[in-house]
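**Q** Provided herewith: query_4.txt, compact mmCIF, C-alpha atoms.
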```txt
# COMPACT_ATOMS: atom_id res chain seq x y z
CA MET A 1 7.68 -59.60 9.45
CA ARG A 2 11.28 -60.56 8.69
CA LEU A 3 11.67 -62.92 5.70
CA TRP A 4 14.35 -64.14 3.32
CA THR A 5 13.93 -65.24 -0.28
CA PHE A 6 16.30 -66.75 -2.84
CA GLN A 7 15.97 -65.01 -6.21
CA SER A 8 17.79 -65.15 -9.53
CA ILE A 9 19.91 -62.22 -10.64
CA LYS A 10 17.28 -61.48 -13.32
CA SER A 11 14.52 -61.28 -10.67
CA VAL A 12 16.65 -59.01 -8.48
CA GLN A 13 17.28 -56.73 -11.46
CA GLU A 14 13.53 -56.57 -12.10
CA LEU A 15 12.88 -55.70 -8.45
CA GLU A 16 15.53 -52.99 -8.50
CA SER A 17 14.39 -51.45 -11.79
CA THR A 18 10.59 -51.58 -11.30
CA GLY A 19 10.35 -51.42 -7.51
CA GLU A 20 8.24 -54.62 -7.41
CA LEU A 21 8.66 -58.28 -8.19
CA PHE A 22 5.83 -60.49 -9.41
CA VAL A 23 6.19 -64.10 -10.59
CA LYS A 24 4.56 -65.05 -13.87
CA TRP A 25 2.88 -68.44 -14.13
CA ASP A 26 4.77 -69.31 -17.32
CA ARG A 27 7.88 -69.68 -15.15
CA TYR A 28 6.56 -73.14 -14.24
CA GLN A 29 6.77 -75.55 -17.16
CA ASP A 30 5.76 -78.68 -15.25
CA ASP A 31 1.97 -78.82 -14.80
CA ARG A 32 2.29 -80.77 -11.55
CA TRP A 33 4.35 -78.04 -9.86
CA LYS A 34 2.10 -75.40 -11.33
CA ALA A 35 -1.00 -77.16 -9.95
CA ALA A 36 0.54 -77.26 -6.47
CA TYR A 37 1.47 -73.59 -6.60
CA GLN A 38 -2.02 -72.71 -7.88
CA TRP A 39 -3.45 -74.60 -4.91
CA MET A 40 -1.28 -72.49 -2.58
CA SER A 41 -2.39 -69.35 -4.39
CA LYS A 42 -6.03 -70.33 -3.67
CA GLN A 43 -5.15 -70.84 0.00
CA MET A 44 -3.61 -67.37 0.04
CA LYS A 45 -6.78 -65.90 -1.46
CA LYS A 46 -8.88 -67.67 1.21
CA ASN A 47 -6.67 -65.86 3.74
CA GLY A 48 -7.15 -62.43 2.12
CA ILE A 49 -3.94 -62.39 0.05
CA ASP A 50 -4.75 -62.14 -3.66
CA CYS A 51 -2.00 -62.96 -6.14
CA ALA A 52 -4.28 -61.81 -8.99
CA ALA A 53 -2.77 -63.16 -12.24
CA PHE A 54 0.58 -64.01 -10.68
CA ALA A 55 2.16 -66.96 -8.88
CA PRO A 56 3.18 -66.81 -5.20
CA ILE A 57 6.63 -65.60 -4.25
CA TRP A 58 8.26 -68.08 -1.88
CA ALA A 59 10.31 -66.99 1.10
CA TRP A 60 11.51 -68.23 4.48
CA HIS A 61 10.38 -67.16 7.93
CA SER A 62 12.34 -69.68 10.01
CA CYS A 63 14.92 -72.34 9.15
CA GLY A 64 15.79 -74.75 11.95
CA GLU A 65 14.77 -72.32 14.68
CA ILE A 66 12.20 -69.53 14.95
CA GLY A 67 13.38 -66.47 13.04
CA ALA A 68 16.58 -68.08 11.70
CA ALA A 69 17.65 -67.16 8.17
CA PRO A 70 18.10 -69.82 5.49
CA THR A 71 21.61 -71.06 4.72
CA LEU A 72 23.49 -72.31 1.69
CA THR A 73 22.40 -75.82 2.72
CA ASP A 74 18.75 -74.74 2.45
CA ALA A 75 19.44 -73.32 -1.01
CA ARG A 76 21.14 -76.56 -2.10
CA TYR A 77 18.00 -78.53 -1.16
CA LEU A 78 15.75 -76.22 -3.18
CA LEU A 79 17.67 -75.02 -6.20
CA SER A 80 19.29 -76.82 -9.11
CA ASP A 81 23.00 -76.63 -9.85
CA ILE A 82 22.18 -74.60 -12.96
CA GLU A 83 20.25 -72.03 -10.93
CA LEU A 84 23.07 -71.78 -8.40
CA GLU A 85 25.76 -71.50 -11.08
CA ASN A 86 23.79 -68.76 -12.86
CA GLY A 87 23.69 -66.75 -9.65
CA ILE A 88 21.27 -66.54 -6.78
CA LYS A 89 20.89 -63.70 -4.36
CA THR A 90 19.37 -63.75 -0.91
CA ILE A 91 16.95 -60.92 -0.30
CA GLU A 92 16.26 -60.08 3.32
CA LEU A 93 13.06 -58.12 3.80
CA GLU A 94 10.70 -56.72 6.37
CA CYS A 95 7.13 -56.74 5.08
CA PRO A 96 3.63 -56.29 6.50
CA THR A 97 2.42 -59.42 8.33
CA GLU A 98 -1.01 -59.29 6.73
CA ILE A 99 0.35 -59.92 3.22
CA VAL A 100 2.13 -63.16 4.18
CA LEU A 101 0.80 -66.71 4.46
CA LEU A 102 3.03 -68.91 6.62
CA SER A 103 3.15 -72.68 6.29
CA ASN A 104 5.12 -75.64 7.61
CA TYR A 105 7.71 -76.63 5.01
CA SER A 106 7.87 -80.35 5.90
CA VAL A 107 4.08 -80.67 5.60
CA TRP A 108 4.23 -78.71 2.31
CA THR A 109 6.62 -81.31 0.90
CA GLU A 110 4.12 -84.06 1.82
CA LEU A 111 1.36 -82.15 0.07
CA LEU A 112 3.61 -81.41 -2.90
CA ASP A 113 4.23 -85.14 -3.31
CA LEU A 114 0.48 -85.63 -3.82
CA PHE A 115 0.55 -83.19 -6.74
CA LEU A 116 3.69 -84.70 -8.22
CA VAL A 117 2.12 -88.16 -8.20
CA ASP A 118 -1.27 -87.42 -9.73
CA LYS A 119 -1.61 -83.64 -10.31
CA THR A 120 -4.81 -83.49 -8.26
CA GLN A 121 -6.08 -82.31 -4.93
CA GLN A 122 -8.05 -85.52 -4.39
CA LYS A 123 -6.01 -86.78 -1.44
CA ILE A 124 -5.59 -83.49 0.41
CA ASP A 125 -7.60 -83.85 3.58
CA LYS A 126 -8.52 -81.18 6.10
CA LYS A 127 -6.10 -82.61 8.69
CA LEU A 128 -3.14 -82.16 6.32
CA VAL A 129 -4.23 -78.59 5.50
CA ASN A 130 -4.52 -77.79 9.23
CA GLN A 131 -1.03 -79.19 9.84
CA LEU A 132 0.32 -77.18 6.89
CA PHE A 133 -0.83 -73.87 8.34
CA ASP A 134 -0.02 -74.66 11.99
CA THR A 135 3.01 -72.43 12.45
CA GLN A 136 2.57 -71.63 16.12
CA PRO A 137 5.95 -71.29 17.86
CA GLU A 138 5.00 -73.79 20.58
CA ASN A 139 4.57 -76.48 17.89
CA PHE A 140 7.88 -75.70 16.17
CA ARG A 141 10.44 -78.52 16.25
CA PRO A 142 14.20 -77.87 15.90
CA TYR A 143 14.35 -79.44 12.42
CA ASP A 144 11.28 -77.58 11.07
CA SER A 145 11.22 -74.69 8.69
CA ILE A 146 8.46 -72.18 8.16
CA GLN A 147 8.02 -70.95 4.63
CA ALA A 148 6.14 -67.85 3.53
CA THR A 149 4.22 -66.96 0.40
CA LEU A 150 3.58 -63.42 -0.79
CA ALA A 151 1.77 -61.99 -3.80
CA VAL A 152 4.42 -59.33 -4.44
CA LEU A 153 7.83 -58.28 -3.20
CA LYS A 154 8.36 -54.51 -2.96
CA LYS A 155 11.73 -52.79 -3.05
CA GLU A 156 10.77 -50.60 -0.09
CA TRP A 157 10.67 -53.74 2.11
CA VAL A 158 14.24 -54.80 1.24
CA ILE A 159 16.80 -54.66 4.03
CA ASP A 160 19.64 -56.37 2.19
CA ILE A 161 20.42 -58.12 -1.09
CA ARG A 162 23.49 -60.32 -0.99
CA PRO A 163 24.96 -63.02 -3.21
CA LEU A 164 24.49 -66.59 -2.12
CA GLU A 165 28.16 -67.36 -1.56
CA LEU A 166 29.31 -70.63 -3.11
CA LYS A 167 32.66 -72.33 -2.74
CA PRO A 168 34.15 -74.51 -5.50
CA ASN A 169 33.35 -77.74 -3.65
CA ASP A 170 29.68 -76.78 -3.12
CA PHE A 171 28.84 -78.56 -6.38
CA SER A 172 30.56 -81.84 -5.65
CA PHE A 173 30.45 -84.63 -3.13
CA PRO A 174 33.26 -84.84 -0.59
CA LYS A 175 36.10 -87.10 -1.66
CA ASN A 176 36.95 -90.09 0.46
CA LYS A 177 40.24 -89.63 2.23
CA ALA A 178 42.66 -92.50 2.51
CA VAL A 179 43.31 -93.51 6.08
```
Show me the file's structure as structure tokens.

**A**
Amino acid sequence: MRLWTFQSIKSVQELESTGELFVKWDRYQDDRWKAAYQWMSKQMKKNGIDCAAFAPIWAWHSCGEIGAAPTLTDARYLLSDIELENGIKTIELECPTEIVLLSNYSVWTELLDLFLVDKTQQKIDKKLVNQLFDTQPENFRPYDSIQATLAVLKKEWVIDIRPLELKPNDFSFPKNKAV
């Protein structure tokens, strides 16, 4: 399965030196985000993908159309200016399908909001979970994105590692032009 993931330079160095990348839970300082990611880790385990003592690695399967790679715009929505300024690389990979859990990104953001409000799973109903994991191509809308979670990223799956190219004006709002 073809995927793309945004990773820091430090994470890329770890992947290149050890041959594998795992995400440690202490990376997440905010308990609300951590609770949401732990919930996703449990969903992965229910689907036969065990993260063991590690957090999920997030990647993209489709952005805007089935099989389309993420863009700088996608990165700007997800990453802070500090992360972008420190350097982000895009890793393109081809990994076994059975180690990936796909989910609908727009539904994930709805679910994530529940965790950010009260840190619990109380309001997550079965209908929302079904919508989250409905990634069938026939239900894909042009503005959707399909995200992927993996337990590990292996160097042998990497097709390409490239810098996320930024231009000087990528960190500022466009200036109004006088007419």

**Q** Would you mind telling me which residue in A:Trp60, A:Trp33, A:Phe54, A:Tyr105 lies nearest to Arg141 of chain A when using all atoms listed in the file?

**A**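 Between A:Trp60, A:Trp33, A:Phe54, A:Tyr105, the residue approaching Arg141 of chain A most closely is A:Tyr105.
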
**Q** Which of these residues is nearest to Thr149 of chain A, using only C-alpha atoms: A:Lys45, A:Lys123, A:Lys89, A:Arg162?

**A** A:Lys45

**Q** Using all atoms listed in the file, can you list as number ranges by chain the residues within 9 Å of (10.9, -63.6, -6.1)?

**A** A: 5-8, 11-12, 15, 21-23, 56-59, 91, 152-153

**Q** Would you save the residues of that selection, restricted to C-alpha atoms, as a short mmCIF file (atom, residue, chain, number, x, y, z; two decimals), in the frame of the given file?

**A**
```
data_model
loop_
_atom_site.label_atom_id
_atom_site.label_comp_id
_atom_site.auth_asym_id
_atom_site.auth_seq_id
_atom_site.Cartn_x
_atom_site.Cartn_y
_atom_site.Cartn_z
CA THR A 5 13.93 -65.24 -0.28
CA PHE A 6 16.30 -66.75 -2.84
CA GLN A 7 15.97 -65.01 -6.21
CA SER A 8 17.79 -65.15 -9.53
CA SER A 11 14.52 -61.28 -10.67
CA VAL A 12 16.65 -59.01 -8.48
CA LEU A 15 12.88 -55.70 -8.45
CA LEU A 21 8.66 -58.28 -8.19
CA PHE A 22 5.83 -60.49 -9.41
CA VAL A 23 6.19 -64.10 -10.59
CA PRO A 56 3.18 -66.81 -5.20
CA ILE A 57 6.63 -65.60 -4.25
CA TRP A 58 8.26 -68.08 -1.88
CA ALA A 59 10.31 -66.99 1.10
CA ILE A 91 16.95 -60.92 -0.30
CA VAL A 152 4.42 -59.33 -4.44
CA LEU A 153 7.83 -58.28 -3.20
#
```

**Q** Go through A:Ala53, A:Cys95, A:Val107, A:Met40 and flag the residue nearest Asp26 of chain A, using only C-alpha atoms for the distances.

**A** A:Ala53

**Q** Which residues are near Gln43 of chain A? Cut-off 12 Å, all atoms listed in the file, ignore same chain within fewer than 3 positions. Put them as a ChimeraX atom specification.

**A** /A:36-40,46-51,56,100-103,129-130,132-133,149-151

**Q** Keeping only C-alpha atoms, take the residues you just selected and write them out as a compact mmCIF listing (two decimals), in the frame of the given file.

**A**
```txt
# COMPACT_ATOMS: atom_id res chain seq x y z
CA ALA A 36 0.54 -77.26 -6.47
CA TYR A 37 1.47 -73.59 -6.60
CA GLN A 38 -2.02 -72.71 -7.88
CA TRP A 39 -3.45 -74.60 -4.91
CA MET A 40 -1.28 -72.49 -2.58
CA LYS A 46 -8.88 -67.67 1.21
CA ASN A 47 -6.67 -65.86 3.74
CA GLY A 48 -7.15 -62.43 2.12
CA ILE A 49 -3.94 -62.39 0.05
CA ASP A 50 -4.75 -62.14 -3.66
CA CYS A 51 -2.00 -62.96 -6.14
CA PRO A 56 3.18 -66.81 -5.20
CA VAL A 100 2.13 -63.16 4.18
CA LEU A 101 0.80 -66.71 4.46
CA LEU A 102 3.03 -68.91 6.62
CA SER A 103 3.15 -72.68 6.29
CA VAL A 129 -4.23 -78.59 5.50
CA ASN A 130 -4.52 -77.79 9.23
CA LEU A 132 0.32 -77.18 6.89
CA PHE A 133 -0.83 -73.87 8.34
CA THR A 149 4.22 -66.96 0.40
CA LEU A 150 3.58 -63.42 -0.79
CA ALA A 151 1.77 -61.99 -3.80
```

**Q** Considering all atoms listed in the file, return as a list in words whatever protein or nucleic-acid residues lie within 8 Å of Lys155 of chain A, sequence-local ones (same chain, fewer than 5 positions apart) excluded.

**A**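 Residues near the query, excluding close chain neighbours: Leu15, Glu16, Gly19 and Glu20 of chain A.
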
**Q** I'd like the interatomic distance between atom CA of Glu92 of chain A and atom CA of Ala52 of chain A, to a tenth of an Å.

**A** 24.0 Å

**Q** If I take atom CA of Gly87 of chain A and atom CA of Ile9 of chain A, how far is one from the other in Å, to one decimal?

**A**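 Spanning atom CA of Gly87 of chain A to atom CA of Ile9 of chain A is a straight-line distance of 6.0 Å.
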
**Q** Expressed in Å to a single decimal, how great is the separation between atom CA of Ile159 of chain A and atom CA of Trp4 of chain A?

**A**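 Pair atom CA of Ile159 of chain A / atom CA of Trp4 of chain A returns 9.8 Å.
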
**Q** Using all atoms listed in the file, can you list as number ranges by chain the residues within 9 Å of (22.7, -69.3, -7.9)?

**A** A: 6-9, 75, 79-89, 163-166

**Q** Would you list the contacts of Glu110 of chain A as a list in words, taking every protein, DNA or RNA residue within 10 Å and counting only C-alpha atoms, but skipping same-chain residues closer than 4 positions in sequence?

**A**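 Neighbouring residues, sequence-local ones excluded: Tyr105, Ser106, Leu114, Phe115, Ile124, Leu128 and Leu132 of chain A.
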
**Q** Could you give me, as a list in words, the residues within 10 Å of Asp74 of chain A, counting all atoms listed in the file and dropping anything in the same chain fewer than 2 positions from it?

**A**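 Near Asp74 of chain A, the qualifying residues are Phe6, Trp60, Cys63, Gly64, Ala69, Pro70, Thr71, Leu72, Arg76, Tyr77, Leu78, Leu79 and Ser145 of chain A.
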
**Q** When you count only C-alpha atoms, which of these residues is closest to Thr90 of chain A: A:Gln29, A:Ala35, A:Val158, A:Glu14?

**A**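 Among A:Gln29, A:Ala35, A:Val158, A:Glu14, it is A:Val158 that comes nearest to Thr90 of chain A.
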